[in-house]
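Here's run_24.txt, which has compact mmCIF, C-alpha atoms and all ligand atoms:
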```txt
# COMPACT_ATOMS: atom_id res chain seq x y z
CA MET A 250 0.00 0.00 0.00
CA SER A 251 1.48 3.38 -0.95
CA GLU A 252 1.40 6.06 1.72
CA LEU A 253 -1.03 8.10 -0.39
CA SER A 254 -3.64 5.39 -0.05
CA TYR A 255 -3.99 6.14 3.66
CA PRO A 256 -7.08 8.35 3.77
CA ASN A 257 -5.71 10.61 6.57
CA VAL A 258 -2.63 11.51 4.57
CA ASN A 259 -4.86 12.31 1.61
CA VAL A 260 -7.13 14.63 3.59
CA GLU A 261 -4.44 16.79 5.16
CA GLU A 262 -2.32 16.90 2.03
CA ALA A 263 -5.35 17.72 -0.13
CA VAL A 264 -6.21 20.64 2.17
CA ARG A 265 -2.66 21.98 2.15
CA GLN A 266 -2.38 21.69 -1.63
CA ARG A 267 -5.76 23.26 -2.30
CA TYR A 268 -5.08 26.29 -0.10
CA SER A 269 -1.56 26.61 -1.41
CA GLU A 270 -3.14 27.05 -4.84
CA GLY A 271 -5.76 29.33 -3.29
CA ALA A 272 -2.98 31.57 -1.97
CA GLN A 273 -1.38 31.90 -5.39
CA ALA A 274 -4.54 32.51 -7.43
CA VAL A 275 -8.17 33.17 -6.54
CA GLN A 276 -10.25 29.98 -6.43
CA PRO A 277 -13.85 31.16 -6.99
CA GLU A 278 -15.40 27.79 -6.09
CA LEU A 279 -14.00 28.08 -2.54
CA CYS A 280 -15.73 31.42 -1.87
CA CYS A 281 -18.97 32.05 -0.04
CA PRO A 282 -20.07 35.66 -0.63
CA ILE A 283 -19.66 37.66 2.61
CA SER A 284 -19.96 41.38 3.10
CA TYR A 285 -17.65 42.98 5.66
CA ASP A 286 -17.69 46.57 6.90
CA PRO A 287 -16.26 48.39 3.85
CA LYS A 288 -14.49 50.97 6.05
CA LEU A 289 -12.42 48.19 7.64
CA LEU A 290 -11.41 46.89 4.21
CA GLU A 291 -9.86 50.18 3.07
CA ALA A 292 -6.47 49.45 4.66
CA ILE A 293 -6.28 45.89 3.31
CA PRO A 294 -4.44 45.15 0.03
CA GLN A 295 -6.47 43.76 -2.85
CA GLU A 296 -4.60 40.41 -3.10
CA VAL A 297 -5.70 39.68 0.48
CA ILE A 298 -9.29 40.79 0.00
CA GLU A 299 -9.84 38.69 -3.09
CA ARG A 300 -8.43 35.49 -1.53
CA ASP A 301 -11.33 35.27 0.86
CA TYR A 302 -12.32 31.70 1.60
CA GLY A 303 -14.47 32.35 4.65
CA CYS A 304 -18.19 31.74 5.11
CA GLY A 305 -19.33 34.27 7.73
CA ASP A 306 -18.50 37.63 9.26
CA LEU A 307 -17.22 37.21 12.81
CA THR A 308 -15.77 40.66 13.11
CA PRO A 309 -18.83 42.34 14.76
CA HIS A 310 -18.21 40.02 17.75
CA ILE A 311 -14.69 41.27 18.50
CA ARG A 312 -14.10 43.98 21.15
CA PRO A 313 -11.45 46.71 21.53
CA GLY A 314 -8.38 45.73 23.55
CA GLU A 315 -8.84 41.97 23.15
CA THR A 316 -6.28 39.31 22.28
CA VAL A 317 -7.82 37.48 19.33
CA LEU A 318 -6.67 34.18 17.83
CA ASP A 319 -7.80 33.35 14.28
CA LEU A 320 -7.66 29.64 13.42
CA GLY A 321 -6.85 28.98 9.75
CA SER A 322 -6.17 32.63 9.02
CA GLY A 323 -5.52 32.14 5.29
CA SER A 324 -4.71 35.41 3.51
CA GLY A 325 -5.08 37.28 6.83
CA LYS A 326 -8.16 39.27 5.88
CA VAL A 327 -10.12 38.61 9.07
CA CYS A 328 -6.97 39.25 11.16
CA PHE A 329 -6.45 42.62 9.47
CA ILE A 330 -10.07 43.59 10.14
CA ALA A 331 -9.79 42.37 13.75
CA SER A 332 -6.56 44.32 14.17
CA GLN A 333 -8.44 47.59 13.56
CA ILE A 334 -11.25 46.63 15.97
CA VAL A 335 -9.02 45.56 18.88
CA GLY A 336 -6.89 48.68 18.28
CA PRO A 337 -3.30 49.33 19.38
CA GLU A 338 -4.00 47.97 22.88
CA GLY A 339 -5.16 44.63 21.46
CA ARG A 340 -3.36 41.85 19.66
CA VAL A 341 -4.24 39.45 16.85
CA ILE A 342 -2.59 36.11 16.10
CA GLY A 343 -3.36 34.20 12.90
CA ILE A 344 -2.54 30.49 12.69
CA ASP A 345 -2.29 28.50 9.50
CA MET A 346 -0.49 25.35 8.36
CA THR A 347 -0.07 26.29 4.68
CA ASP A 348 3.21 28.05 3.82
CA ASP A 349 1.85 29.96 0.84
CA MET A 350 -1.04 31.34 2.89
CA LEU A 351 1.36 32.40 5.65
CA ALA A 352 3.64 34.07 3.10
CA LEU A 353 0.70 35.98 1.58
CA ALA A 354 -0.51 37.19 5.00
CA ARG A 355 2.98 38.02 6.27
CA ARG A 356 4.03 40.07 3.26
CA ASN A 357 0.88 42.19 3.62
CA ALA A 358 1.08 42.73 7.40
CA PRO A 359 3.59 45.65 7.21
CA LYS A 360 1.46 47.36 4.52
CA VAL A 361 -1.65 47.18 6.73
CA ALA A 362 0.36 48.34 9.76
CA ARG A 363 1.61 51.38 7.84
CA ARG A 364 -1.92 52.29 6.75
CA ILE A 365 -3.55 51.93 10.20
CA GLY A 366 -0.60 53.35 12.13
CA TYR A 367 0.31 50.39 14.37
CA ALA A 368 1.39 46.74 14.12
CA ASN A 369 -0.53 44.28 16.28
CA VAL A 370 -0.90 41.20 14.04
CA GLU A 371 1.37 38.19 13.72
CA PHE A 372 1.01 34.99 11.69
CA ARG A 373 2.30 31.68 13.03
CA LYS A 374 2.58 28.20 11.59
CA ALA A 375 0.72 25.49 13.50
CA ALA A 376 -1.98 22.89 13.12
CA ILE A 377 -5.07 24.28 14.84
CA GLN A 378 -5.62 20.94 16.58
CA ASP A 379 -2.15 21.21 18.16
CA MET A 380 -1.55 24.89 18.89
CA ALA A 381 1.14 24.36 21.49
CA LEU A 382 3.51 23.13 18.80
CA ASP A 383 5.40 25.79 16.84
CA LEU A 384 5.85 24.10 13.46
CA GLU A 385 8.54 26.54 12.34
CA ARG A 386 10.68 25.66 15.37
CA LEU A 387 10.12 21.98 14.58
CA GLU A 388 11.12 22.51 10.94
CA GLY A 389 14.24 24.38 12.09
CA ARG A 390 15.22 21.37 14.16
CA LEU A 391 14.53 19.02 11.22
CA ARG A 392 16.92 21.02 9.03
CA THR A 393 19.76 20.56 11.50
CA HIS A 394 18.76 17.04 12.65
CA PRO A 395 17.21 15.19 9.68
CA VAL A 396 15.31 12.02 10.59
CA ARG A 397 16.85 8.87 9.08
CA SER A 398 16.18 6.27 11.77
CA THR A 399 13.62 5.38 14.43
CA GLU A 400 16.04 6.69 17.08
CA GLU A 401 16.18 10.05 15.32
CA LEU A 402 12.39 10.02 15.02
CA ALA A 403 12.10 9.44 18.78
CA ALA A 404 14.49 12.34 19.39
CA LEU A 405 12.39 14.59 17.15
CA GLU A 406 9.23 13.57 19.02
CA ALA A 407 10.91 14.32 22.34
CA PHE A 408 11.94 17.74 21.00
CA ALA A 409 8.32 18.42 19.91
CA ALA A 410 7.01 17.33 23.33
CA GLY A 411 9.51 19.68 24.99
CA LEU A 412 8.41 22.58 22.80
CA ARG A 413 4.75 21.96 23.60
CA LYS A 414 5.45 21.81 27.32
CA HIS A 415 8.05 24.52 27.85
CA GLU A 416 7.56 26.95 24.97
CA PRO A 417 3.96 26.51 23.80
CA LEU A 418 3.21 28.57 20.70
CA ILE A 419 -0.19 29.51 22.17
CA PRO A 420 -0.03 29.17 25.97
CA ASP A 421 -2.95 28.07 28.18
CA GLU A 422 -5.56 30.73 28.99
CA SER A 423 -3.86 33.42 26.92
CA VAL A 424 -6.64 34.48 24.53
CA ASP A 425 -9.87 36.49 24.94
CA ALA A 426 -11.54 35.41 21.71
CA VAL A 427 -10.85 32.49 19.41
CA ILE A 428 -12.32 33.08 15.97
CA SER A 429 -12.32 30.90 12.89
CA ASN A 430 -13.85 31.32 9.49
CA CYS A 431 -14.61 28.14 7.55
CA VAL A 432 -11.74 25.98 8.80
CA LEU A 433 -12.89 23.56 11.54
CA ASN A 434 -14.57 21.31 8.95
CA LEU A 435 -11.16 20.81 7.28
CA VAL A 436 -9.64 19.07 10.30
CA ARG A 437 -9.40 15.27 10.15
CA PRO A 438 -12.28 13.50 11.94
CA GLU A 439 -9.99 11.83 14.50
CA ASP A 440 -8.47 15.23 15.41
CA LYS A 441 -11.75 17.08 15.89
CA LYS A 442 -12.11 16.34 19.63
CA LYS A 443 -8.55 17.52 20.18
CA LEU A 444 -9.32 20.66 18.20
CA PHE A 445 -12.18 21.65 20.55
CA ALA A 446 -10.02 20.81 23.58
CA GLU A 447 -7.31 23.11 22.17
CA ILE A 448 -9.76 25.97 21.65
CA PHE A 449 -10.86 25.52 25.27
CA ARG A 450 -7.27 25.33 26.56
CA VAL A 451 -6.06 28.58 25.00
CA LEU A 452 -9.06 30.67 26.09
CA ARG A 453 -8.87 32.51 29.37
CA PRO A 454 -11.80 31.91 31.77
CA GLY A 455 -14.57 34.26 30.61
CA GLY A 456 -13.24 34.12 27.03
CA ARG A 457 -15.27 32.96 24.06
CA ALA A 458 -15.05 31.21 20.72
CA VAL A 459 -16.88 32.71 17.75
CA ILE A 460 -16.83 30.31 14.84
CA SER A 461 -18.31 30.39 11.35
CA ASP A 462 -18.31 27.09 9.56
CA ILE A 463 -20.06 25.06 6.93
CA VAL A 464 -22.52 22.60 8.49
CA SER A 465 -24.75 19.94 6.96
CA ASP A 466 -28.39 19.19 7.67
CA GLU A 467 -27.82 15.41 7.39
CA ASP A 468 -24.91 13.05 8.03
CA VAL A 469 -22.40 13.22 5.16
CA PRO A 470 -22.25 9.71 3.63
CA GLU A 471 -18.95 7.81 4.05
CA TYR A 472 -18.10 7.73 0.36
CA LEU A 473 -18.38 11.53 0.15
CA GLN A 474 -16.12 11.82 3.19
CA ARG A 475 -13.43 9.88 1.33
CA ASP A 476 -13.33 12.39 -1.56
CA PRO A 477 -10.27 14.65 -0.95
CA GLN A 478 -11.55 17.27 -3.41
CA LEU A 479 -14.88 17.59 -1.59
CA TRP A 480 -13.00 17.53 1.73
CA SER A 481 -10.76 20.45 0.87
CA GLY A 482 -13.79 22.22 -0.59
CA CYS A 483 -15.42 22.39 2.90
CA ILE A 484 -18.05 19.74 2.13
CA SER A 485 -16.98 16.29 3.31
CA GLY A 486 -15.76 17.36 6.76
CA ALA A 487 -18.78 19.53 7.54
CA PHE A 488 -20.29 18.96 10.98
CA ARG A 489 -23.94 18.00 11.14
CA GLU A 490 -25.40 21.21 12.56
CA ASP A 491 -26.68 19.79 15.88
CA LEU A 492 -23.42 17.86 16.44
CA PHE A 493 -21.41 21.04 15.84
CA LEU A 494 -23.07 22.61 18.91
CA GLN A 495 -22.66 19.38 20.85
CA GLU A 496 -18.89 19.47 20.28
CA PHE A 497 -18.68 22.79 22.15
CA GLU A 498 -20.85 21.40 24.94
CA GLN A 499 -18.68 18.30 25.33
CA ALA A 500 -15.50 20.42 25.42
CA GLY A 501 -16.85 22.28 28.49
CA PHE A 502 -18.22 25.49 26.96
CA TYR A 503 -21.44 27.14 28.13
CA GLY A 504 -23.88 29.69 26.68
CA ILE A 505 -23.49 28.13 23.25
CA SER A 506 -25.67 30.08 20.82
CA VAL A 507 -26.32 30.18 17.10
CA LEU A 508 -25.62 33.77 16.01
CA SER A 509 -26.62 33.15 12.42
CA ARG A 510 -27.62 30.29 10.17
CA ASP A 511 -28.08 30.89 6.45
CA ALA A 512 -31.62 30.04 5.37
CA GLU A 513 -30.39 29.11 1.90
CA PRO A 514 -27.73 26.40 1.51
CA TRP A 515 -24.36 27.38 0.05
CA ARG A 516 -24.28 24.05 -1.81
CA THR A 517 -26.44 20.94 -1.98
CA VAL A 518 -24.76 17.60 -2.71
CA GLU A 519 -27.00 14.63 -3.47
CA GLY A 520 -29.79 16.20 -1.42
CA THR A 521 -27.69 17.10 1.64
CA GLU A 522 -27.64 20.83 2.27
CA PHE A 523 -24.43 22.62 3.28
CA ARG A 524 -24.79 26.09 4.73
CA SER A 525 -22.90 28.61 6.82
CA MET A 526 -23.57 28.86 10.54
CA THR A 527 -21.94 31.14 13.13
CA VAL A 528 -21.79 30.05 16.75
CA VAL A 529 -20.56 31.65 19.97
CA ALA A 530 -19.49 29.56 23.00
CA TYR A 531 -18.12 30.76 26.36
CA LYS A 532 -15.50 29.34 28.70
CA GLY A 533 -15.56 29.77 32.49
CA LYS A 534 -18.15 27.63 34.25
CA GLU A 535 -15.59 25.41 35.95
CA GLY A 536 -14.49 25.98 39.53
CA PRO A 537 -16.01 25.86 43.03
CA CYS A 538 -19.51 27.11 43.96
CA TRP A 539 -19.97 29.53 46.89
CA ASP A 540 -23.22 30.73 48.43
CA GLN A 541 -23.44 34.52 48.57
CA LYS A 542 -27.26 34.44 48.96
CA GLN A 543 -27.89 35.51 45.39
CA ALA A 544 -30.98 34.68 43.35
CA VAL A 545 -32.06 35.02 39.74
CA ILE A 546 -35.53 35.14 38.22
CA TYR A 547 -35.96 33.76 34.74
CA CYS A 548 -38.19 36.19 32.81
CA GLY A 549 -39.47 33.83 30.09
CA PRO A 550 -40.85 33.42 27.45
CA PHE A 551 -40.35 29.66 27.97
CA ARG A 552 -41.92 27.98 31.02
CA GLN A 553 -38.47 26.82 32.06
CA VAL A 554 -34.90 26.63 30.77
CA GLU A 555 -31.89 24.45 31.63
CA ASP A 556 -28.35 25.84 31.63
CA ASP A 557 -25.14 23.97 30.74
CA ASP A 558 -24.67 22.92 34.38
CA GLY A 559 -28.12 21.30 34.52
CA HIS A 560 -29.82 24.03 36.59
CA VAL A 561 -33.50 24.14 35.63
CA LEU A 562 -34.81 27.69 35.99
CA ARG A 563 -38.57 28.20 36.03
CA ARG A 564 -40.15 31.35 34.69
CA GLY A 565 -40.83 33.92 37.42
CA VAL A 566 -39.32 31.80 40.24
CA ARG A 567 -36.52 33.10 42.49
CA ALA A 568 -33.87 30.47 41.98
CA ALA A 569 -31.00 30.27 44.44
CA VAL A 570 -27.69 30.29 42.54
CA CYS A 571 -24.05 30.20 43.49
CA GLU A 572 -21.78 33.22 43.05
CA LYS A 573 -20.33 31.76 39.82
CA THR A 574 -23.72 31.09 38.19
CA PHE A 575 -24.90 34.54 39.29
CA ARG A 576 -21.87 36.09 37.60
CA ILE A 577 -22.37 34.03 34.44
CA LEU A 578 -26.09 34.86 34.19
CA SER A 579 -25.38 38.56 34.66
CA ARG A 580 -23.42 38.67 31.38
CA ASP A 581 -23.91 37.81 27.71
CA PRO A 582 -25.61 35.76 26.40
CA TYR A 583 -28.00 35.42 29.37
CA ARG A 584 -28.34 38.90 30.86
CA SER A 585 -31.51 39.98 29.02
CA HIS A 586 -33.40 36.85 30.14
CA PHE A 587 -32.91 37.27 33.90
CA GLU A 588 -33.67 39.61 36.78
CA LEU A 589 -30.73 39.53 39.18
CA VAL A 590 -31.46 39.59 42.91
CA PRO A 591 -28.36 40.25 45.01
CA PRO A 592 -28.59 40.09 48.85
CA ARG A 593 -29.28 43.40 50.61
CA VAL A 594 -26.15 42.85 52.70
CA GLU A 595 -23.25 41.48 50.71
CA VAL A 596 -21.73 38.18 51.89
CA PRO A 597 -17.92 38.43 51.40
CA LEU A 598 -16.63 35.61 49.22
CA ASP A 599 -14.19 34.39 51.87
CA GLU A 600 -17.08 34.03 54.35
CA ALA A 601 -19.47 32.34 51.88
CA PRO A 602 -20.23 28.64 52.53
CA PRO A 603 -20.13 26.10 49.68
CA PHE A 604 -23.26 26.13 47.52
CA PRO A 605 -24.92 22.74 46.76
CA CYS A 606 -24.99 23.27 42.98
CA SER A 607 -25.48 19.58 42.25
CA LYS A 608 -28.80 19.47 44.16
CA GLY A 609 -30.73 20.85 41.15
CA ALA A 610 -33.10 23.82 41.36
CA LEU A 611 -33.29 25.49 44.77
CA ILE A 612 -35.71 28.27 45.58
CA ARG A 613 -34.39 31.33 47.39
CA HIS A 614 -36.95 32.73 49.87
CA PRO A 615 -37.06 36.57 49.64
CA ARG A 616 -36.08 36.71 53.34
CA GLU A 617 -32.78 35.04 52.45
CA THR A 618 -31.75 37.90 50.19
CA LYS A 619 -33.38 40.68 52.24
CA GLY A 620 -32.37 39.28 55.65
CA GLN A 621 -34.70 37.70 58.26
CA ASP A 622 -34.98 40.93 60.29
CA TYR A 623 -35.76 43.25 57.40
CA HIS A 624 -38.79 45.37 58.46
CA VAL A 625 -38.53 48.52 56.37
CA THR A 626 -41.68 50.35 55.18
CA THR A 627 -41.36 52.95 52.40
CA GLU A 628 -43.59 55.32 50.44
CA ALA A 629 -44.37 54.43 46.83
CA ARG A 630 -41.44 55.32 44.56
CA ALA A 631 -41.96 58.71 42.89
CA THR A 632 -40.39 57.67 39.60
CA VAL A 633 -43.28 55.30 38.98
CA CYS A 634 -46.25 57.18 40.37
CA THR A 635 -45.73 60.92 39.91
CA PRO A 636 -48.96 62.32 38.40
CA GLY A 637 -48.37 63.77 34.96
CA ASN A 638 -45.70 61.26 33.98
CA GLY A 639 -48.18 59.67 31.60
CA ASN A 640 -48.52 56.72 33.91
CA GLY A 641 -50.56 58.26 36.73
CA SER A 642 -53.06 55.43 37.13
CA CYS A 643 -50.47 52.94 38.38
CA CYS A 644 -51.17 53.61 42.07
C1 LIG B 701 -11.31 27.81 3.82
S1 LIG B 701 -9.77 28.60 4.13
C2 LIG B 701 -10.28 29.93 5.17
C3 LIG B 701 -9.27 31.02 5.27
C4 LIG B 701 -9.69 32.25 6.05
N1 LIG B 701 -10.18 31.91 7.36
C5 LIG B 701 -10.69 33.11 5.32
O1 LIG B 701 -11.71 33.47 5.92
O2 LIG B 701 -10.45 33.44 4.16
C6 LIG B 701 -8.99 27.45 5.22
C7 LIG B 701 -7.61 27.86 5.73
O3 LIG B 701 -7.32 27.05 6.87
C8 LIG B 701 -6.04 26.47 6.75
N2 LIG B 701 -6.11 25.15 7.44
C9 LIG B 701 -6.88 24.11 7.12
N3 LIG B 701 -6.73 23.11 8.01
C10 LIG B 701 -5.85 23.56 8.93
C11 LIG B 701 -5.26 22.99 10.10
N4 LIG B 701 -5.60 21.76 10.51
N5 LIG B 701 -4.39 23.72 10.82
C12 LIG B 701 -4.04 24.97 10.40
N6 LIG B 701 -4.55 25.56 9.30
C13 LIG B 701 -5.45 24.87 8.56
C14 LIG B 701 -5.79 26.40 5.27
O4 LIG B 701 -4.41 26.41 4.99
C15 LIG B 701 -6.49 27.66 4.75
O5 LIG B 701 -5.64 28.77 4.75
```

Let me see whether you can do it: turn the structure in this file into structure tokens.
Amino acid sequence: MSELSYPNVNVEEAVRQRYSEGAQAVQPELCCPISYDPKLLEAIPQEVIERDYGCGDLTPHIRPGETVLDLGSGSGKVCFIASQIVGPEGRVIGIDMTDDMLALARRNAPKVARRIGYANVEFRKAAIQDMALDLERLEGRLRTHPVRSTEELAALEAFAAGLRKHEPLIPDESVDAVISNCVLNLVRPEDKKKLFAEIFRVLRPGGRAVISDIVSDEDVPEYLQRDPQLWSGCISGAFREDLFLQEFEQAGFYGISVLSRDAEPWRTVEGTEFRSMTVVAYKGKEGPCWDQKQAVIYCGPFRQVEDDDGHVLRRGVRAAVCEKTFRILSRDPYRSHFELVPPRVEVPLDEAPPFPCSKGALIRHPRETKGQDYHVTTEARATVCTPGNGNGSCC
């Protein structure tokens, strides 16, 4: 059996070759039409703009000052847009495994920096499912220590393990936002779990992943998965849409939400629809639970909802939550769905007892947040009842 008949070799090599060609000349069949903010495109050279192989616009979800990591950065277009949004205080790192794509992005980085007035983007070579390993350092070692025997292979593997451990290209918890535009589907099936674990590893607690990818509405049949051309064309490796969200869940993310899902498919192959979907997923629900006497009230419209920790929250009911859940529910993507009820007298975190999060839904009696001895009586609040405010009948 020749090495090319191993399907894994075919997939990765087909991807590299296809995007190497895509770096040198525009490949129209790889493009999904996307419209970005035209003002943010002004500083970006034409050869970058036209080699756009993404499928969604993630850039509205990036914030000033953030450290952003773009997986499969290609020509660098999304990185150059992100660089202007994060501003000089922020930082953008693009990762790609294809030399020609890296060369295209790198030669344009100084031009963009000159036009916007600062340089905050770098492009690095790595496989996105193994972002601790700096592939250029590994290649440097291979040039000086070529591998000709199993002993030399073992030495190379030990060198790679050392790099990952002591000089990780992307360290743990170092990134605010991981973004990726039409790349996750290109990763080999057996590496996909590792890919989600890597995204989780590099994000700081409270960070988020915002990913656009091509998803399918049905399972992609085996024989289509074995077609390297369809694989590199973002078809064969597409996640089934529900399983795409499940991958984030299984990796430990919370607040996973579909930000957009194209109504019309980008392509249909033998009846299976392939379309673009953009998802956000947050990191930071791990850690201990402390009871600071906080409560939340789910406002509806559903009768009840269940969060990613299994808390079932009923509409209109004061649910007792731990300090961590309270903090999570007070931010995106939950904030607009909840009323937050903090205790009248704050319980310092170092005095808070453990909270029994695993016991399911607990109701917080109002006296727990107000205090058992709370006996205040007040007049009606003027802001609501002042006659002449157009709302005078409320009393
Ligand atoms: C469909 S293009 C998308 C490029 C870019 N995100 C855009 O919006 O134009 C896929 C890119 O991901 C890179 N890529 C694919 N698989 C990869 C992997 N496992 N690790 C690193 N880069 C990968 C390819 O080299 C290519 O540049």

Could you give me the centre and size, in Å to one decimal, of an axis-aligned box around all listed atoms of ligand LIG 701 (chain B) with 6 Å added on every side, as AutoDock Vina command-line options?
```
--center_x -7.9 --center_y 27.6 --center_z 7.3 --size_x 19.7 --size_y 23.7 --size_z 19.0
```

At what distance in Å, to one decimal, does atom CA of A:Arg593 lie from atom CA of A:Tyr623?
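Computed distance, atom CA of A:Tyr623 to atom CA of A:Arg593, equals 9.4 Å.
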
Looking at A:Tyr503, A:Phe497, A:Trp515, A:Phe587, which one is nearest to A:Gly533, with distances taken over only C-alpha atoms?
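Among A:Tyr503, A:Phe497, A:Trp515, A:Phe587, it is A:Tyr503 that comes nearest to A:Gly533.
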
Just to confirm, what's the straight-line distance from atom CA of A:Cys606 to atom CA of A:Val424 in Å (one decimal)?
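Taking atom CA of A:Cys606 as the start and atom CA of A:Val424 as the end point, the length is 28.3 Å.
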
List all protein, DNA and RNA residues that have an atom no more than 8 Å from any atom of ligand LIG 701 (chain B), counting only C-alpha atoms and all ligand atoms, and report them as a PyMOL selection string.
chain A and resi 261+264-265+268-269+272+279+300-305+319-327+344-348+350-351+374-378+429-433+435-437+481-483

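Rounded to one decimal, atom CA of A:Asp540 and atom CA of A:Thr626 lie 27.8 Å from each other.
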
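For the set A:Leu494, A:Ile293, A:Leu318, A:Val427, the residue with the smallest atom-to-atom gap to A:Ile365 is A:Ile293, counting all atoms listed in the file.
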
What lies within 12 Å of A:Tyr472 using all atoms listed in the file, ignoring chain neighbours under 6 positions off, as a ChimeraX atom specification?
/A:256,479-480,485-486,519

Within 12 Å of A:Asp468 using all atoms listed in the file, minus same-chain residues under 3 positions, as a ChimeraX atom specification:
/A:464-465,471-474,484-493,518-523

With all atoms listed in the file as the counted atoms, please give the residues lying no more than 7 Å from A:Gly314, apart from itself and same-chain residues fewer than 2 positions off, as a PyMOL selection string.
chain A and resi 312+316+335-336+338-339

Please dump the current selection as a JSON list (two decimals), keeping the file's coordinate frame; keep C-alpha atoms.
```
[["chain", "number", "residue", "atom", "x", "y", "z"],
["A", 312, "ARG", "CA", -14.10, 43.98, 21.15],
["A", 316, "THR", "CA", -6.28, 39.31, 22.28],
["A", 335, "VAL", "CA", -9.02, 45.56, 18.88],
["A", 336, "GLY", "CA", -6.89, 48.68, 18.28],
["A", 338, "GLU", "CA", -4.00, 47.97, 22.88],
["A", 339, "GLY", "CA", -5.16, 44.63, 21.46]]
```

Which is closer to A:Lys542 than all the others in A:Ala512, A:Met526, A:Ala601, A:Val507, using all atoms listed in the file?
A:Ala601

Within 9 Å of stretch 449-455 of chain A using all atoms listed in the file, minus same-chain residues under 3 positions, as an mmCIF file with C-alpha atoms, in the coordinates of the input:
```cif
data_model
loop_
_atom_site.group_PDB
_atom_site.id
_atom_site.type_symbol
_atom_site.label_atom_id
_atom_site.label_comp_id
_atom_site.auth_asym_id
_atom_site.auth_seq_id
_atom_site.Cartn_x
_atom_site.Cartn_y
_atom_site.Cartn_z
ATOM 1 C CA MET A 380 -1.550 24.890 18.890
ATOM 2 C CA ILE A 419 -0.190 29.510 22.170
ATOM 3 C CA PRO A 420 -0.030 29.170 25.970
ATOM 4 C CA ASP A 421 -2.950 28.070 28.180
ATOM 5 C CA GLU A 422 -5.560 30.730 28.990
ATOM 6 C CA SER A 423 -3.860 33.420 26.920
ATOM 7 C CA VAL A 424 -6.640 34.480 24.530
ATOM 8 C CA ASP A 425 -9.870 36.490 24.940
ATOM 9 C CA ALA A 426 -11.540 35.410 21.710
ATOM 10 C CA VAL A 427 -10.850 32.490 19.410
ATOM 11 C CA LEU A 444 -9.320 20.660 18.200
ATOM 12 C CA PHE A 445 -12.180 21.650 20.550
ATOM 13 C CA ALA A 446 -10.020 20.810 23.580
ATOM 14 C CA ALA A 458 -15.050 31.210 20.720
ATOM 15 C CA PHE A 497 -18.680 22.790 22.150
ATOM 16 C CA ALA A 500 -15.500 20.420 25.420
ATOM 17 C CA GLY A 501 -16.850 22.280 28.490
ATOM 18 C CA PHE A 502 -18.220 25.490 26.960
ATOM 19 C CA TYR A 531 -18.120 30.760 26.360
ATOM 20 C CA LYS A 532 -15.500 29.340 28.700
ATOM 21 C CA GLY A 533 -15.560 29.770 32.490
ATOM 22 C CA LYS A 534 -18.150 27.630 34.250
ATOM 23 C CA GLU A 535 -15.590 25.410 35.950
ATOM 24 C CA ILE A 577 -22.370 34.030 34.440
#
```

For A:Pro294, which residue out of A:Val317, A:Val260, A:Ile330, A:Cys571 is the nearest one, using all atoms listed in the file?
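Looking at the shortest contact to A:Pro294, the residue is A:Ile330.
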